[in-house]
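Visitor: work-v4.pdb is reproduced below (PDB, C-alpha atoms, pLDDT in the B column).
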ATOM      1  CA  MET O   1     136.849  65.373 -70.878  1.00 80.00           C
ATOM      2  CA  THR O   2     136.447  62.394 -73.177  1.00 94.00           C
ATOM      3  CA  THR O   3     137.139  62.653 -76.900  1.00 92.00           C
ATOM      4  CA  ALA O   4     133.386  62.625 -77.579  1.00 92.00           C
ATOM      5  CA  GLU O   5     132.809  65.434 -75.079  1.00 94.00           C
ATOM      6  CA  VAL O   6     135.558  67.527 -76.641  1.00 95.00           C
ATOM      7  CA  HIS O   7     134.012  67.056 -80.080  1.00 96.00           C
ATOM      8  CA  MET O   8     130.552  68.017 -78.812  1.00 96.00           C
ATOM      9  CA  ARG O   9     132.070  71.123 -77.237  1.00 96.00           C
ATOM     10  CA  ARG O  10     133.661  72.059 -80.571  1.00 97.00           C
ATOM     11  CA  MET O  11     130.317  71.595 -82.310  1.00 97.00           C
ATOM     12  CA  ALA O  12     128.591  73.848 -79.787  1.00 97.00           C
ATOM     13  CA  ASP O  13     131.320  76.479 -80.179  1.00 97.00           C
ATOM     14  CA  VAL O  14     130.876  76.550 -83.981  1.00 97.00           C
ATOM     15  CA  LEU O  15     127.127  77.055 -83.621  1.00 97.00           C
ATOM     16  CA  GLU O  16     127.527  79.753 -80.979  1.00 97.00           C
ATOM     17  CA  GLU O  17     130.084  81.620 -83.098  1.00 97.00           C
ATOM     18  CA  ALA O  18     127.687  81.588 -86.049  1.00 97.00           C
ATOM     19  CA  ARG O  19     124.765  82.816 -83.934  1.00 95.00           C
ATOM     20  CA  ARG O  20     126.857  85.774 -82.800  1.00 95.00           C
ATOM     21  CA  ASP O  21     128.035  86.583 -86.332  1.00 94.00           C
ATOM     22  CA  LEU O  22     126.018  89.615 -87.486  1.00 88.00           C
ATOM     23  CA  SER O  23     128.308  90.479 -90.408  1.00 85.00           C
ATOM     24  CA  GLY O  24     125.558  90.128 -92.978  1.00 83.00           C
ATOM     25  CA  GLY O  25     126.016  86.795 -94.724  1.00 89.00           C
ATOM     26  CA  ILE O  26     123.094  84.416 -95.223  1.00 91.00           C
ATOM     27  CA  PRO O  27     124.119  82.119 -93.666  1.00 94.00           C
ATOM     28  CA  PRO O  28     126.879  83.766 -91.586  1.00 93.00           C
ATOM     29  CA  LYS O  29     130.222  83.057 -93.274  1.00 90.00           C
ATOM     30  CA  SER O  30     131.650  81.913 -89.947  1.00 95.00           C
ATOM     31  CA  LEU O  31     129.228  78.971 -90.041  1.00 97.00           C
ATOM     32  CA  LEU O  32     130.714  77.571 -93.254  1.00 96.00           C
ATOM     33  CA  LEU O  33     134.253  77.992 -91.934  1.00 96.00           C
ATOM     34  CA  GLY O  34     133.309  76.366 -88.632  1.00 97.00           C
ATOM     35  CA  LEU O  35     131.707  73.380 -90.334  1.00 97.00           C
ATOM     36  CA  GLN O  36     134.874  72.909 -92.376  1.00 97.00           C
ATOM     37  CA  ARG O  37     136.892  72.767 -89.161  1.00 96.00           C
ATOM     38  CA  LEU O  38     134.622  70.060 -87.777  1.00 97.00           C
ATOM     39  CA  VAL O  39     134.580  68.023 -91.005  1.00 97.00           C
ATOM     40  CA  PRO O  40     137.982  68.697 -92.617  1.00 95.00           C
ATOM     41  CA  CYS O  41     137.868  68.933 -96.407  1.00 96.00           C
ATOM     42  CA  ASP O  42     139.620  70.629 -99.315  1.00 95.00           C
ATOM     43  CA  ASP O  43     136.814  73.092 -99.925  1.00 95.00           C
ATOM     44  CA  ALA O  44     133.376  73.861 -98.519  1.00 96.00           C
ATOM     45  CA  SER O  45     130.558  75.846-100.079  1.00 96.00           C
ATOM     46  CA  PHE O  46     127.013  77.018 -99.611  1.00 97.00           C
ATOM     47  CA  CYS O  47     124.803  77.537-102.636  1.00 95.00           C
ATOM     48  CA  GLU O  48     121.186  78.282-103.471  1.00 94.00           C
ATOM     49  CA  LEU O  49     119.999  77.535-107.013  1.00 93.00           C
ATOM     50  CA  ASP O  50     116.765  78.181-108.879  1.00 89.00           C
ATOM     51  CA  ILE O  51     116.422  75.139-111.122  1.00 91.00           C
ATOM     52  CA  PRO O  52     113.951  76.380-113.810  1.00 88.00           C
ATOM     53  CA  THR O  53     115.911  79.576-114.509  1.00 89.00           C
ATOM     54  CA  ARG O  54     119.363  78.044-113.836  1.00 92.00           C
ATOM     55  CA  ARG O  55     120.219  80.995-111.603  1.00 90.00           C
ATOM     56  CA  GLU O  56     122.626  81.005-108.693  1.00 91.00           C
ATOM     57  CA  LEU O  57     120.794  82.971-106.013  1.00 89.00           C
ATOM     58  CA  ASN O  58     123.353  82.887-103.213  1.00 91.00           C
ATOM     59  CA  SER O  59     126.789  81.357-102.779  1.00 93.00           C
ATOM     60  CA  GLN O  60     129.746  81.192-100.419  1.00 94.00           C
ATOM     61  CA  GLU O  61     133.009  79.294-100.660  1.00 93.00           C
ATOM     62  CA  THR O  62     135.916  78.839 -98.285  1.00 92.00           C
ATOM     63  CA  ILE O  63     138.518  79.145-101.052  1.00 84.00           C
ATOM     64  CA  GLU O  64     138.495  81.665-103.864  1.00 71.00           C
ATOM     65  CA  GLU O  65     137.565  80.381-107.305  1.00 61.00           C
ATOM     66  CA  ASP O  66     140.117  80.829-110.079  1.00 54.00           C
ATOM     67  CA  GLY O  67     137.686  81.982-112.739  1.00 49.00           C
ATOM     68  CA  GLY O  68     134.450  80.388-113.936  1.00 50.00           C
ATOM     69  CA  CYS O  69     133.001  77.570-111.896  1.00 59.00           C
ATOM     70  CA  GLY O  70     131.829  75.540-114.898  1.00 79.00           C
ATOM     71  CA  MET O  71     128.102  75.833-114.269  1.00 90.00           C
ATOM     72  CA  ASP O  72     127.415  75.157-117.950  1.00 93.00           C
ATOM     73  CA  ALA O  73     128.906  71.697-117.423  1.00 94.00           C
ATOM     74  CA  TYR O  74     126.836  71.266-114.270  1.00 94.00           C
ATOM     75  CA  TRP O  75     123.592  71.944-116.093  1.00 95.00           C
ATOM     76  CA  ARG O  76     124.653  69.766-119.042  1.00 95.00           C
ATOM     77  CA  TRP O  77     125.471  66.733-116.897  1.00 95.00           C
ATOM     78  CA  ARG O  78     123.272  67.378-113.879  1.00 94.00           C
ATOM     79  CA  HIS O  79     121.230  64.228-114.559  1.00 94.00           C
ATOM     80  CA  GLN O  80     124.372  62.201-113.690  1.00 95.00           C
ATOM     81  CA  HIS O  81     124.774  63.930-110.311  1.00 94.00           C
ATOM     82  CA  LEU O  82     122.607  61.518-108.313  1.00 94.00           C
ATOM     83  CA  GLN O  83     123.373  63.192-105.015  1.00 95.00           C
ATOM     84  CA  CYS O  84     122.255  66.534-106.413  1.00 92.00           C
ATOM     85  CA  LEU O  85     119.037  65.029-107.754  1.00 92.00           C
ATOM     86  CA  GLN O  86     118.329  63.724-104.251  1.00 92.00           C
ATOM     87  CA  VAL O  87     118.972  67.178-102.798  1.00 91.00           C
ATOM     88  CA  CYS O  88     116.464  68.671-105.239  1.00 89.00           C
ATOM     89  CA  ARG O  89     113.620  66.473-104.014  1.00 89.00           C
ATOM     90  CA  PRO O  90     111.164  68.253-101.681  1.00 86.00           C
ATOM     91  CA  HIS O  91     111.946  67.726 -98.002  1.00 88.00           C
ATOM     92  CA  ASP O  92     110.616  69.336 -94.846  1.00 88.00           C
ATOM     93  CA  VAL O  93     113.673  68.842 -92.648  1.00 94.00           C
ATOM     94  CA  PRO O  94     117.424  69.128 -93.319  1.00 96.00           C
ATOM     95  CA  GLU O  95     118.950  66.042 -94.930  1.00 97.00           C
ATOM     96  CA  THR O  96     122.547  64.819 -94.966  1.00 97.00           C
ATOM     97  CA  THR O  97     124.017  62.646 -97.709  1.00 97.00           C
ATOM     98  CA  GLN O  98     127.343  61.952 -99.349  1.00 97.00           C
ATOM     99  CA  MET O  99     128.262  60.963-102.885  1.00 97.00           C
ATOM    100  CA  ALA O 100     129.226  57.452-101.740  1.00 96.00           C
ATOM    101  CA  ASP O 101     125.547  56.841-100.901  1.00 96.00           C
ATOM    102  CA  PHE O 102     124.880  56.876-104.639  1.00 96.00           C
ATOM    103  CA  LEU O 103     128.107  56.151-106.524  1.00 94.00           C
ATOM    104  CA  SER O 104     131.564  54.895-105.660  1.00 94.00           C
ATOM    105  CA  ALA O 105     134.524  57.139-106.428  1.00 94.00           C
ATOM    106  CA  ARG O 106     135.495  54.763-109.225  1.00 94.00           C
ATOM    107  CA  GLU O 107     132.021  54.892-110.817  1.00 96.00           C
ATOM    108  CA  LEU O 108     131.880  58.664-110.529  1.00 96.00           C
ATOM    109  CA  ARG O 109     135.291  59.181-112.158  1.00 96.00           C
ATOM    110  CA  ASN O 110     133.968  57.475-115.316  1.00 96.00           C
ATOM    111  CA  LEU O 111     131.215  60.056-115.788  1.00 97.00           C
ATOM    112  CA  PRO O 112     131.356  63.414-117.617  1.00 96.00           C
ATOM    113  CA  ILE O 113     129.873  65.173-114.572  1.00 96.00           C
ATOM    114  CA  TYR O 114     133.126  64.351-112.775  1.00 96.00           C
ATOM    115  CA  THR O 115     135.636  65.145-115.517  1.00 95.00           C
ATOM    116  CA  ASP O 116     133.865  68.341-116.610  1.00 95.00           C
ATOM    117  CA  PHE O 117     132.660  69.677-113.267  1.00 95.00           C
ATOM    118  CA  LEU O 118     133.474  67.856-110.021  1.00 95.00           C
ATOM    119  CA  ALA O 119     137.130  66.881-110.492  1.00 95.00           C
ATOM    120  CA  PRO O 120     139.297  66.516-108.477  1.00 95.00           C
ATOM    121  CA  HIS O 121     136.716  65.888-105.718  1.00 96.00           C
ATOM    122  CA  PRO O 122     135.002  62.495-105.967  1.00 96.00           C
ATOM    123  CA  ASN O 123     133.798  62.724-102.367  1.00 97.00           C
ATOM    124  CA  ILE O 124     131.110  65.249-101.483  1.00 97.00           C
ATOM    125  CA  ALA O 125     129.127  65.428 -98.261  1.00 98.00           C
ATOM    126  CA  ASP O 126     126.235  67.803 -97.865  1.00 97.00           C
ATOM    127  CA  ILE O 127     123.564  69.280 -95.638  1.00 98.00           C
ATOM    128  CA  ALA O 128     120.515  70.083 -97.768  1.00 97.00           C
ATOM    129  CA  LEU O 129     118.132  72.587 -96.187  1.00 95.00           C
ATOM    130  CA  PRO O 130     114.418  72.813 -96.989  1.00 92.00           C
ATOM    131  CA  THR O 131     113.485  75.450 -99.530  1.00 89.00           C
ATOM    132  CA  ALA O 132     110.799  76.373-102.038  1.00 81.00           C
ATOM    133  CA  PRO O 133     109.851  73.965-104.854  1.00 80.00           C
ATOM    134  CA  ASN O 134     112.364  73.762-107.708  1.00 84.00           C
ATOM    135  CA  ARG O 135     115.152  75.281-105.642  1.00 88.00           C
ATOM    136  CA  THR O 136     118.140  73.898-103.747  1.00 93.00           C
ATOM    137  CA  ARG O 137     119.782  75.259-100.594  1.00 95.00           C
ATOM    138  CA  VAL O 138     122.815  73.188 -99.654  1.00 97.00           C
ATOM    139  CA  PHE O 139     126.109  73.135 -97.776  1.00 98.00           C
ATOM    140  CA  GLN O 140     128.709  70.971 -99.536  1.00 97.00           C
ATOM    141  CA  PHE O 141     132.068  69.605 -98.392  1.00 97.00           C
ATOM    142  CA  PHE O 142     134.526  68.486-101.092  1.00 97.00           C
ATOM    143  CA  ARG O 143     137.372  66.043-100.637  1.00 96.00           C
ATOM    144  CA  THR O 144     139.940  64.421-102.925  1.00 95.00           C
ATOM    145  CA  GLY O 145     140.942  60.750-102.657  1.00 90.00           C
ATOM    146  CA  SER O 146     138.823  57.618-102.842  1.00 88.00           C
ATOM    147  CA  LYS O 147     137.811  57.210 -99.197  1.00 92.00           C
ATOM    148  CA  PRO O 148     134.302  58.474 -98.412  1.00 95.00           C
ATOM    149  CA  PHE O 149     133.472  60.595 -95.395  1.00 97.00           C
ATOM    150  CA  THR O 150     133.465  58.511 -92.225  1.00 97.00           C
ATOM    151  CA  ALA O 151     130.390  57.518 -90.257  1.00 97.00           C
ATOM    152  CA  HIS O 152     131.585  59.821 -87.460  1.00 97.00           C
ATOM    153  CA  GLU O 153     131.826  62.779 -89.851  1.00 97.00           C
ATOM    154  CA  MET O 154     128.395  62.112 -91.333  1.00 98.00           C
ATOM    155  CA  THR O 155     126.917  61.789 -87.839  1.00 97.00           C
ATOM    156  CA  THR O 156     128.477  65.139 -86.971  1.00 97.00           C
ATOM    157  CA  LEU O 157     126.744  66.771 -89.953  1.00 98.00           C
ATOM    158  CA  GLU O 158     123.479  65.014 -89.146  1.00 98.00           C
ATOM    159  CA  LEU O 159     123.524  66.273 -85.551  1.00 97.00           C
ATOM    160  CA  LEU O 160     124.379  69.790 -86.666  1.00 98.00           C
ATOM    161  CA  ALA O 161     121.855  69.964 -89.520  1.00 98.00           C
ATOM    162  CA  PRO O 162     118.764  71.196 -87.590  1.00 97.00           C
ATOM    163  CA  HIS O 163     120.837  73.824 -85.771  1.00 98.00           C
ATOM    164  CA  VAL O 164     122.430  74.942 -89.040  1.00 97.00           C
ATOM    165  CA  TYR O 165     118.943  75.368 -90.494  1.00 96.00           C
ATOM    166  CA  GLU O 166     117.851  77.521 -87.555  1.00 95.00           C
ATOM    167  CA  ILE O 167     120.936  79.726 -87.916  1.00 96.00           C
ATOM    168  CA  TYR O 168     120.229  80.126 -91.636  1.00 94.00           C
ATOM    169  CA  LYS O 169     116.639  81.176 -90.920  1.00 91.00           C
ATOM    170  CA  GLU O 170     117.723  83.632 -88.218  1.00 91.00           C
ATOM    171  CA  ALA O 171     120.196  85.288 -90.613  1.00 91.00           C
ATOM    172  CA  ALA O 172     117.593  85.416 -93.392  1.00 86.00           C
ATOM    173  CA  ARG O 173     115.012  87.024 -91.113  1.00 82.00           C
ATOM    174  CA  ARG O 174     117.485  89.714 -90.069  1.00 83.00           C
ATOM    175  CA  HIS O 175     118.197  90.759 -93.641  1.00 80.00           C
ATOM    176  CA  ARG O 176     114.939  90.085 -95.479  1.00 74.00           C
ATOM    177  CA  PRO O 177     112.917  93.198 -96.360  1.00 72.00           C
ATOM    178  CA  PRO O 178     109.313  93.003 -95.165  1.00 75.00           C
ATOM    179  CA  VAL O 179     106.724  91.472 -97.483  1.00 78.00           C
ATOM    180  CA  ARG O 180     103.638  93.630 -97.969  1.00 85.00           C
ATOM    181  CA  LEU O 181     100.729  91.800 -99.579  1.00 92.00           C
ATOM    182  CA  THR O 182      96.994  91.884 -99.082  1.00 94.00           C
ATOM    183  CA  PRO O 183      95.455  89.002 -97.093  1.00 93.00           C
ATOM    184  CA  ARG O 184      93.923  87.615-100.309  1.00 94.00           C
ATOM    185  CA  GLU O 185      97.255  87.727-102.122  1.00 95.00           C
ATOM    186  CA  PHE O 186      98.767  85.759 -99.235  1.00 92.00           C
ATOM    187  CA  ASP O 187      95.951  83.225 -99.510  1.00 94.00           C
ATOM    188  CA  VAL O 188      96.577  82.761-103.223  1.00 96.00           C
ATOM    189  CA  LEU O 189     100.324  82.311-102.741  1.00 94.00           C
ATOM    190  CA  ARG O 190      99.771  79.797 -99.943  1.00 92.00           C
ATOM    191  CA  CYS O 191      97.739  77.738-102.403  1.00 94.00           C
ATOM    192  CA  VAL O 192     100.487  78.081-105.024  1.00 94.00           C
ATOM    193  CA  ALA O 193     103.053  76.917-102.462  1.00 89.00           C
ATOM    194  CA  ARG O 194     100.936  73.824-101.842  1.00 88.00           C
ATOM    195  CA  GLY O 195     101.055  72.944-105.538  1.00 89.00           C
ATOM    196  CA  LEU O 196      97.546  74.025-106.584  1.00 93.00           C
ATOM    197  CA  ASP O 197      96.975  75.336-110.113  1.00 94.00           C
ATOM    198  CA  THR O 198      94.761  78.290-111.017  1.00 96.00           C
ATOM    199  CA  PRO O 199      91.419  76.385-111.286  1.00 96.00           C
ATOM    200  CA  GLN O 200      92.128  74.572-108.017  1.00 96.00           C
ATOM    201  CA  ILE O 201      92.970  77.844-106.260  1.00 96.00           C
ATOM    202  CA  ALA O 202      89.781  79.410-107.602  1.00 96.00           C
ATOM    203  CA  GLU O 203      87.742  76.513-106.231  1.00 95.00           C
ATOM    204  CA  GLN O 204      89.559  76.586-102.898  1.00 94.00           C
ATOM    205  CA  LEU O 205      88.971  80.321-102.409  1.00 95.00           C
ATOM    206  CA  SER O 206      85.518  80.434-104.064  1.00 94.00           C
ATOM    207  CA  VAL O 207      86.582  82.995-106.663  1.00 95.00           C
ATOM    208  CA  SER O 208      86.960  82.972-110.446  1.00 96.00           C
ATOM    209  CA  PRO O 209      90.186  81.910-112.180  1.00 96.00           C
ATOM    210  CA  SER O 210      90.534  85.432-113.570  1.00 96.00           C
ATOM    211  CA  THR O 211      90.451  86.803-110.012  1.00 96.00           C
ATOM    212  CA  VAL O 212      93.209  84.378-109.027  1.00 96.00           C
ATOM    213  CA  ARG O 213      95.310  85.538-111.968  1.00 96.00           C
ATOM    214  CA  LYS O 214      94.734  89.179-111.008  1.00 96.00           C
ATOM    215  CA  HIS O 215      95.823  88.531-107.410  1.00 96.00           C
ATOM    216  CA  LEU O 216      98.958  86.800-108.712  1.00 96.00           C
ATOM    217  CA  GLU O 217      99.711  89.686-111.082  1.00 95.00           C
ATOM    218  CA  ASN O 218      99.375  92.187-108.232  1.00 95.00           C
ATOM    219  CA  ALA O 219     101.520  90.050-105.911  1.00 94.00           C
ATOM    220  CA  PHE O 220     104.258  89.732-108.541  1.00 94.00           C
ATOM    221  CA  GLY O 221     104.344  93.505-108.895  1.00 92.00           C
ATOM    222  CA  ARG O 222     104.588  94.086-105.143  1.00 91.00           C
ATOM    223  CA  LEU O 223     107.310  91.477-104.758  1.00 90.00           C
ATOM    224  CA  GLY O 224     109.330  92.429-107.837  1.00 86.00           C
ATOM    225  CA  VAL O 225     109.213  88.895-109.284  1.00 88.00           C
ATOM    226  CA  SER O 226     107.893  87.396-112.493  1.00 89.00           C
ATOM    227  CA  SER O 227     107.047  83.782-111.651  1.00 90.00           C
ATOM    228  CA  ARG O 228     105.074  81.737-109.151  1.00 91.00           C
ATOM    229  CA  THR O 229     108.202  79.927-108.027  1.00 86.00           C
ATOM    230  CA  ALA O 230     110.009  83.184-107.265  1.00 85.00           C
ATOM    231  CA  ALA O 231     106.975  84.592-105.443  1.00 90.00           C
ATOM    232  CA  VAL O 232     106.671  81.530-103.228  1.00 88.00           C
ATOM    233  CA  ALA O 233     110.398  81.600-102.451  1.00 81.00           C
ATOM    234  CA  ARG O 234     110.142  85.293-101.547  1.00 81.00           C
ATOM    235  CA  VAL O 235     107.085  85.011 -99.304  1.00 85.00           C
ATOM    236  CA  PHE O 236     107.587  81.521 -97.875  1.00 79.00           C
ATOM    237  CA  PRO O 237     111.366  80.912 -97.816  1.00 67.00           C
ATOM    238  CA  ASP O 238     110.823  78.226 -95.186  1.00 62.00           C
ATOM    239  CA  PRO O 239     108.315  75.435 -95.909  1.00 53.00           C
ATOM    240  CA  GLU O 240     106.859  75.520 -92.395  1.00 48.00           C
ATOM    241  CA  MET O 241     105.680  79.101 -93.044  1.00 44.00           C
ATOM    242  CA  VAL O 242     103.228  77.953 -95.747  1.00 40.00           C
TER     243      VAL O 242
END
Would you encode the structure as structure tokens?
Guide:
Amino acid sequence: MTTAEVHMRRMADVLEEARRDLSGGIPPKSLLLGLQRLVPCDDASFCELDIPTRRELNSQETIEEDGGCGMDAYWRWRHQHLQCLQVCRPHDVPETTQMADFLSARELRNLPIYTDFLAPHPNIADIALPTAPNRTRVFQFFRTGSKPFTAHEMTTLELLAPHVYEIYKEAARRHRPPVRLTPREFDVLRCVARGLDTPQIAEQLSVSPSTVRKHLENAFGRLGVSSRTAAVARVFPDPEMV
């Protein structure tokens, strides 16, 4: 087998191992470990964040943290994390980027986001998965040194990204409790997911704004959430379901 064929075989093996992993993680923990083997790095993580509430909804890491992870510094300097801001933009398909697409290692080291949060890893590659508005769902690969991830490594992540997304969705479906809403409550939340406000939803569904608000109130109670963003993320975790 050629070197390229061997690498493709390793990629397929990582995906197959993750598909068979029923241990309960979302995504399966074996997926993160397998990706780290394919794209060697000092640390790899998976994280889901809710931006408005600054909550960490889900996280995995290949090495244990030694205390707090400095999220206060992240939120303070997040506007300097250009890669993260790109990840937060709405997208319908998985996207791969690395820090070097936005800033050189030298430029990054001069910023507080690096000294207070990212150090000693100036190089970060990621696979950002689609998610609900105002949320992020991303695999990240951290590396010390000044050299960015190679074109071959980024191509590897790009090729894997759609398969990684499917594995994530499969794991989420296995562990997600069923959603029980009335058809009208579903209709209202579909409109919310598409960015419509209350008057627009009322016009779309030919009901009054107060009826829309009542449907939302009932849906929040059934779902155990308190915001439109959380309701949409609960009912439509994948954009294509809207």
Visitor: Starting from the shown file, work through the PyMOL selection byres ((chain O and resi 55) around 12) and note down what comes out as a PDB file with C-alpha atoms, in the coordinates of the input.
Guide:
ATOM      1  CA  CYS O  47     124.803  77.537-102.636  1.00 95.00           C
ATOM      2  CA  GLU O  48     121.186  78.282-103.471  1.00 94.00           C
ATOM      3  CA  LEU O  49     119.999  77.535-107.013  1.00 93.00           C
ATOM      4  CA  ASP O  50     116.765  78.181-108.879  1.00 89.00           C
ATOM      5  CA  ILE O  51     116.422  75.139-111.122  1.00 91.00           C
ATOM      6  CA  PRO O  52     113.951  76.380-113.810  1.00 88.00           C
ATOM      7  CA  THR O  53     115.911  79.576-114.509  1.00 89.00           C
ATOM      8  CA  ARG O  54     119.363  78.044-113.836  1.00 92.00           C
ATOM      9  CA  GLU O  56     122.626  81.005-108.693  1.00 91.00           C
ATOM     10  CA  LEU O  57     120.794  82.971-106.013  1.00 89.00           C
ATOM     11  CA  ASN O  58     123.353  82.887-103.213  1.00 91.00           C
ATOM     12  CA  SER O  59     126.789  81.357-102.779  1.00 93.00           C
ATOM     13  CA  MET O  71     128.102  75.833-114.269  1.00 90.00           C
ATOM     14  CA  ASP O  72     127.415  75.157-117.950  1.00 93.00           C
ATOM     15  CA  TRP O  75     123.592  71.944-116.093  1.00 95.00           C
ATOM     16  CA  ASN O 134     112.364  73.762-107.708  1.00 84.00           C
ATOM     17  CA  ARG O 135     115.152  75.281-105.642  1.00 88.00           C
ATOM     18  CA  THR O 136     118.140  73.898-103.747  1.00 93.00           C
ATOM     19  CA  ALA O 230     110.009  83.184-107.265  1.00 85.00           C
TER      20      ALA O 230
END
Visitor: For Pro90 in chain O, which of O:Ala128, O:Leu103, O:Leu223, O:Leu205 is the closest residue, counting only C-alpha atoms?
Guide: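 For Pro90 in chain O, the nearest of the given residues is O:Ala128.
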Visitor: Leaving out Gln98 in chain O and any residue of its chain fewer than 2 positions from it, which residues lie within 6 Å of it when counting all atoms listed in the file, given as a VMD selection string?
Guide: chain O and resid 100 to 101 124 to 125
Visitor: Go ahead and fit an axis-aligned box to every listed atom of range 48-51 of chain O plus 3 Å each side, and pass me the centre and edge lengths in Å, one decimal, as lines of an AutoDock Vina configuration file.
Guide:
center_x = 118.8
center_y = 76.7
center_z = -107.3
size_x = 10.8
size_y = 9.1
size_z = 13.7
Visitor: Name the residues that the PyMOL selection byres ((chain O and resi 15) around 9) pulls out of this structure, and write them as a list of chain:residue names.
Guide: O:Arg10, O:Met11, O:Ala12, O:Asp13, O:Val14, O:Glu16, O:Glu17, O:Ala18, O:Arg19, O:Arg20, O:Leu31, O:Gly34, O:Leu35, O:Leu160, O:His163, O:Val164, O:Ile167
Visitor: For Thr198 in chain O, which residue out of O:Arg106, O:Arg180, O:Lys169, O:Lys214 is the nearest one, using all atoms listed in the file?
Guide: O:Lys214
Visitor: Evaluate the PyMOL selection byres ((chain O and resi 25) around 10) on the structure here and hand back the selected residues as a PDB file with C-alpha atoms, in the coordinates of the input.
Guide:
ATOM      1  CA  ASP O  21     128.035  86.583 -86.332  1.00 94.00           C
ATOM      2  CA  LEU O  22     126.018  89.615 -87.486  1.00 88.00           C
ATOM      3  CA  SER O  23     128.308  90.479 -90.408  1.00 85.00           C
ATOM      4  CA  GLY O  24     125.558  90.128 -92.978  1.00 83.00           C
ATOM      5  CA  ILE O  26     123.094  84.416 -95.223  1.00 91.00           C
ATOM      6  CA  PRO O  27     124.119  82.119 -93.666  1.00 94.00           C
ATOM      7  CA  PRO O  28     126.879  83.766 -91.586  1.00 93.00           C
ATOM      8  CA  LYS O  29     130.222  83.057 -93.274  1.00 90.00           C
ATOM      9  CA  SER O  30     131.650  81.913 -89.947  1.00 95.00           C
ATOM     10  CA  LEU O  31     129.228  78.971 -90.041  1.00 97.00           C
ATOM     11  CA  ASN O  58     123.353  82.887-103.213  1.00 91.00           C
ATOM     12  CA  SER O  59     126.789  81.357-102.779  1.00 93.00           C
ATOM     13  CA  GLN O  60     129.746  81.192-100.419  1.00 94.00           C
ATOM     14  CA  TYR O 168     120.229  80.126 -91.636  1.00 94.00           C
ATOM     15  CA  ALA O 171     120.196  85.288 -90.613  1.00 91.00           C
ATOM     16  CA  ALA O 172     117.593  85.416 -93.392  1.00 86.00           C
ATOM     17  CA  HIS O 175     118.197  90.759 -93.641  1.00 80.00           C
TER      18      HIS O 175
END
Visitor: Write out as a list in words which residues come within 12 Å of Pro199 in chain O when counting only C-alpha atoms, dropping same-chain ones fewer than 4 positions away.
Guide: Val188, Cys191, Val192, Gly195, Glu203, Gln204, Leu205, Ser206, Val207, Ser208, Pro209, Ser210, Thr211, Val212 and Arg213 of chain O
Visitor: State, in Å with one decimal place, the distance from CA of Ser45 in chain O to CA of Ser104 in chain O.
Guide: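 Separation between CA of Ser45 in chain O and CA of Ser104 in chain O: 21.7 Å.
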